[in-house]
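Colleague: Once you've had a glance at the structure underneath, I'll fire off some questions.
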Amino acid sequence: MGPRATTGRDAVVRAAVVAAIVGAIVLAVSLVPAEVNWASAFERRDLFTRGLVTTAAISAGALVVGLALGTLAGLARASSSVALDQAAFTYVELVRGTPFLVQLYVLYFCVARAAHLYDAFGDAEPVLVGIAGLGLFSGAYVAEIVRAGVESIDRGQWEAARSLGLSHAQTLRHVIVPQAAARMLPPLTSEAVSLVKESSLLSVIGVGELTFHAKNLSAATYDSFAAYLPLAVLYLCVTLPLSWLTRRMERRLAPVAALPVARL
Amino acid sequence: MTTSNAPIVDARGLVKRWGAVTALDGVDLVVRPGEVVCVVGPSGSGKSTLLRCLNGLEVPDEGEVTVAGAVVRTGAPGIDAARARTGMVFQSFHLFPHLTALENLTLAPRLVRGVPGDAARARAHGLLDRVGLADRAGARPDQLSGGQKQRVAIARALAMDPEVLLCDEPTSALDPETVGEVLTVLRDLARDGMTMVVVTHEMGFARDVSSRTVFMDAGRVIEEGRSTDVFSAPRSPRLRDFLARVLRPLDTEVPR
């Protein structure tokens with residue numbers, strides 16, 4: 001996280017640097033020898049709109065699945081049961097040890113096929129597999145955030161609660177998790193940003209999200225620039241506000257850590 | 001409360017090793033109703049480990065602890081009930097920072113004993129009054145001074161009506177000017193008949209308030225007896241040496 005702008009002069013410098021970088025990118029694009037047909041891309045803007053809506057919907061669905069799975073797995077890792085801990089650990093390691101693209105192939109081309117999901121869900125199959133896959137993937141990272149949040153709470157809190165006669169589960173529920181939740185919020189928001197970006201991979205199993213439509217547009221118009229540059233901008237429109245939200249929460253939670261770097 | 005003179009705390013043959021270090025090397029401790037026992041000794045002598053074995057926060061490698069007749073065994077089904085009968089006061093308070101002072105007191109009675117909210121709150125107000133903090137019921141721990149935090153922590157332990165109150169260096173983390181308010185609360189509890197085991201470096205408290213003092217060194221009980229006797233006529237050279245260093249620090253020779 002960058003230091004916070006403290007003076008008006010700092011803010012001007014920051015704005016100028018951002019403007020320079022964006023300007024350089026625009027200049028580089030305008031220098032491309034090929035003709036970029038922005039008009040044809042603009043005519044098909046509904047493709048982008050539909051894609052964006054699908055991306056948002058799938059990301060939201062996967063986030064719900066990921067939060068639910070991740071919270072369960074994270075608490076299992078912090079539970080007093082060795083079996084639950086190991087089950088959750090295995091899940092996390094399997095997911096984190098393989099690329100999401102490979103997980104998607106396995107889920108869609110192996111699991112979904114073997115289970116004949118198409119017969120049950122028809123054309124909704126890729127979307128459902130996509131949400132499940134993305135949620136399963138994200139859940140592993142959420143689990144680690146939850147576990148780290150629980151472990152970040154001072155051991156003395158456990159000792160005080162258990163000394164009063166609270167059980168392990170009561171201590172988690174009433175003492176540890178309420179304190180850990182606030183600390184988990186910034187990394188969870190950051191995980192949501194990752195999830196939105198990972199959702200672009202669902203295009204390979206035919207989910208009609210943003211990247212899928214941009215690819216089709218590029219293939220139809222032979223104009224990669226007019227298809228993929230707006231695509232990048234649209235992802236930034238979703239992820240930048242979320243990142244901003246993360247930084248705000250981090251500042252509120254740790255005002256000391258958010259002090260500007262000393263420029264000596 | 002136990003009416004007979006049967007021990008409330010009965011610890012037998014406690015041994016606790018940390019790797020090569022033996023923190024407890026065969027310690028017995030019997031505490032009867034109404035007794036106030038102070039455990040004193042140099043750092044690393046095993047005082048805190050002994051105290052933490054009494055409610056199962058540490059698991060002794062050998063020996064057994066019973067509190068009010070029930071065996072304290074960490075990980076066994078009865079451990080939560082056993083711990084609910086032993087109040088614990090920590091050096092660093094360990095109040096629940098997300099709860100108000102009042103909620104710190106009501107949490108365990110409601111969850112563990114199923115006391116209804118109104119009854120728990122009424123009793124908590126009474127206990128906060130008893131430790132002189134009736135007006136701070138709605139304060140969060142970070143709004144309280146160290147001495148106030150420790151008094152809330154004492155009231156929190158009392159809210160479970162423990163058979164015995166275990167205090168682990170209750171004033172060691174306090175600013176000097178707030179030590180007195182905590183010691184006064186503990187003294188008043190002692191006068192009201194509360195059974196207590198207090199690990200402390202406050203020799204004045206041990207001498208004047210406790211009925212019995214246990215001196216530990218290197219994981220063993222070196223000497224124990226009526227507090228007046230222990231302080232006025234220490235028998236063992238190690239206790240005499242310890243008391244000299246603690247009570248007259250400026251006479252201590254600098255170790256070479």
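Each chain in the structure tokens gets a letter, A, B, ..., in the order shown, and its residues are numbered from 1; ligands are numbered from 1 in order too.
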Select residues of chain B: the criterion is any atom within 7 Å of an atom of chain A, counting only C-alpha atoms; output as a list in words.
Modeller: Asp80, Ala81, Arg83, Ala84, Gly87, Met88, His94, Phe96, His98, Ala108, Val112 and Ala157 of chain B
Colleague: Using only C-alpha atoms, which protein or nucleic acid residues come within 7 Å of Val182 in chain B? Drop anything in the same chain fewer than 5 positions from it, and give the result as a list in words.
Modeller: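 My list of contacting residues is Gly147, Gln150 and Arg151 of chain B.
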Colleague: Keeping N, CA, C and O atoms, export the residues of the selection given above as a short mmCIF file (atom, residue, chain, number, x, y, z; two decimals), in the first residue's frame.
Modeller:
```cif
data_model
loop_
_atom_site.label_atom_id
_atom_site.label_comp_id
_atom_site.auth_asym_id
_atom_site.auth_seq_id
_atom_site.Cartn_x
_atom_site.Cartn_y
_atom_site.Cartn_z
N GLY B 147 -5.05 -0.24 35.78
CA GLY B 147 -5.64 -0.66 37.05
C GLY B 147 -7.12 -0.95 36.91
O GLY B 147 -7.64 -1.91 37.50
N GLN B 150 -7.61 -4.29 35.16
CA GLN B 150 -7.41 -5.45 36.02
C GLN B 150 -8.56 -5.62 37.00
O GLN B 150 -8.95 -6.74 37.34
N ARG B 151 -9.16 -4.50 37.43
CA ARG B 151 -10.31 -4.63 38.34
C ARG B 151 -11.51 -5.22 37.59
O ARG B 151 -12.27 -6.02 38.15
#
```
Colleague: Please give the complete set of residues from range 46-75 of chain B that DSSP, run on the backbone, assigns to alpha helix (DSSP H), formatted as number ranges by chain.
Modeller: B: 47-54
Colleague: Those residues with N, CA and C atoms, as a compact mmCIF listing (two decimals), in the first residue's frame please?
Modeller:
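The result, written out as out.txt:
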```txt
# COMPACT_ATOMS: atom_id res chain seq x y z
N LYS B 47 6.43 -20.60 39.35
CA LYS B 47 5.21 -20.12 40.02
C LYS B 47 4.02 -20.08 39.07
N SER B 48 4.21 -19.41 37.91
CA SER B 48 3.10 -19.26 36.98
C SER B 48 2.69 -20.59 36.38
N THR B 49 3.68 -21.44 36.10
CA THR B 49 3.37 -22.75 35.56
C THR B 49 2.50 -23.54 36.54
N LEU B 50 2.85 -23.45 37.83
CA LEU B 50 2.06 -24.12 38.86
C LEU B 50 0.61 -23.61 38.83
N LEU B 51 0.47 -22.28 38.80
CA LEU B 51 -0.87 -21.69 38.81
C LEU B 51 -1.67 -22.14 37.59
N ARG B 52 -0.99 -22.15 36.42
CA ARG B 52 -1.69 -22.49 35.17
C ARG B 52 -2.04 -23.97 35.10
N CYS B 53 -1.34 -24.80 35.88
CA CYS B 53 -1.72 -26.22 35.95
C CYS B 53 -3.03 -26.38 36.73
N LEU B 54 -3.30 -25.42 37.63
CA LEU B 54 -4.46 -25.59 38.51
C LEU B 54 -5.78 -25.48 37.76
```
Colleague: Using Å and a single decimal, report how far CA of Asp25 in chain B sits from CA of Leu243 in chain B.
Modeller: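 Separation of CA of Leu243 in chain B and CA of Asp25 in chain B: 22.2 Å.
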Colleague: Go through A:Leu75, A:Ile25, A:Leu136, A:Leu195 and flag the residue nearest Arg173 in chain A, using only C-alpha atoms for the distances.
Modeller: A:Leu75
Colleague: Excluding Ala120 in chain B and residues on its chain fewer than 3 positions from it, collect all residues at most 10 Å away from it, counting only C-alpha atoms, and give them as an MDAnalysis selection string.
Modeller: chainID B and resid 102:103 105:110 113:117 123:126 159
Colleague: Just to be explicit: take each residue in the selection above, keep C-alpha atoms, and write the result as a PDB file, in the first residue's frame.
Modeller:
```
ATOM      1  CA  LEU B 102     -20.323  -5.078  31.536  1.00  0.00           C
ATOM      2  CA  GLU B 103     -20.413  -7.511  28.600  1.00  0.00           C
ATOM      3  CA  LEU B 105     -18.704  -9.881  32.905  1.00  0.00           C
ATOM      4  CA  THR B 106     -21.935 -11.269  31.462  1.00  0.00           C
ATOM      5  CA  LEU B 107     -20.520 -13.347  28.583  1.00  0.00           C
ATOM      6  CA  ALA B 108     -19.484 -16.450  30.524  1.00  0.00           C
ATOM      7  CA  PRO B 109     -22.458 -16.604  32.948  1.00  0.00           C
ATOM      8  CA  ARG B 110     -24.828 -16.400  29.984  1.00  0.00           C
ATOM      9  CA  ARG B 113     -24.404 -21.173  33.046  1.00  0.00           C
ATOM     10  CA  GLY B 114     -27.351 -20.056  30.936  1.00  0.00           C
ATOM     11  CA  VAL B 115     -28.060 -17.099  33.220  1.00  0.00           C
ATOM     12  CA  PRO B 116     -30.735 -14.862  31.617  1.00  0.00           C
ATOM     13  CA  GLY B 117     -29.472 -11.535  30.277  1.00  0.00           C
ATOM     14  CA  ARG B 123     -25.152  -9.184  38.939  1.00  0.00           C
ATOM     15  CA  ALA B 124     -22.423  -7.684  36.734  1.00  0.00           C
ATOM     16  CA  HIS B 125     -23.388  -4.170  37.818  1.00  0.00           C
ATOM     17  CA  GLY B 126     -23.095  -5.317  41.428  1.00  0.00           C
ATOM     18  CA  ALA B 159     -18.999 -13.344  37.853  1.00  0.00           C
TER      19      ALA B 159
END
```
Colleague: Find the residue from B:Leu174, B:Val40, B:Val185, B:Ala101 that sits nearest to Gly204 in chain B; use only C-alpha atoms when measuring.
Modeller: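 Of all the options, B:Val40 lies closest to Gly204 in chain B.
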Colleague: One decimal, Å: what's the distance from CA of Leu210 in chain A over to CA of Leu229 in chain A, could you say?
Modeller: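 Going from CA of Leu210 in chain A over to CA of Leu229 in chain A, I get 12.2 Å.
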Colleague: I'd like the neighbourhood of Val95 in chain A as JSON, numbers by chain, where a residue qualifies if any of its atoms comes within 8 Å (using only C-alpha atoms), though same-chain residues fewer than 3 positions away should be ignored.
Modeller: {"A": [91, 92, 98, 99, 100, 103, 136, 137, 140]}
Colleague: Show which residues sit within 12 Å of Met203 in chain B, as a list in words. Count only C-alpha atoms, and ignore same-chain residues fewer than 4 positions away.
Modeller: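 The neighbour list is Cys38, Val39, Val40, Gly41, Glu169, Thr171, Leu183, Val198, Val199, Arg207, Asp208, Val209, Ser210, Thr213, Val214, Phe215, Ser227, Thr228, Val230, Phe231, Ser232, Phe242, Leu243, Ala244, Arg245, Val246, Leu247 and Arg248 of chain B.
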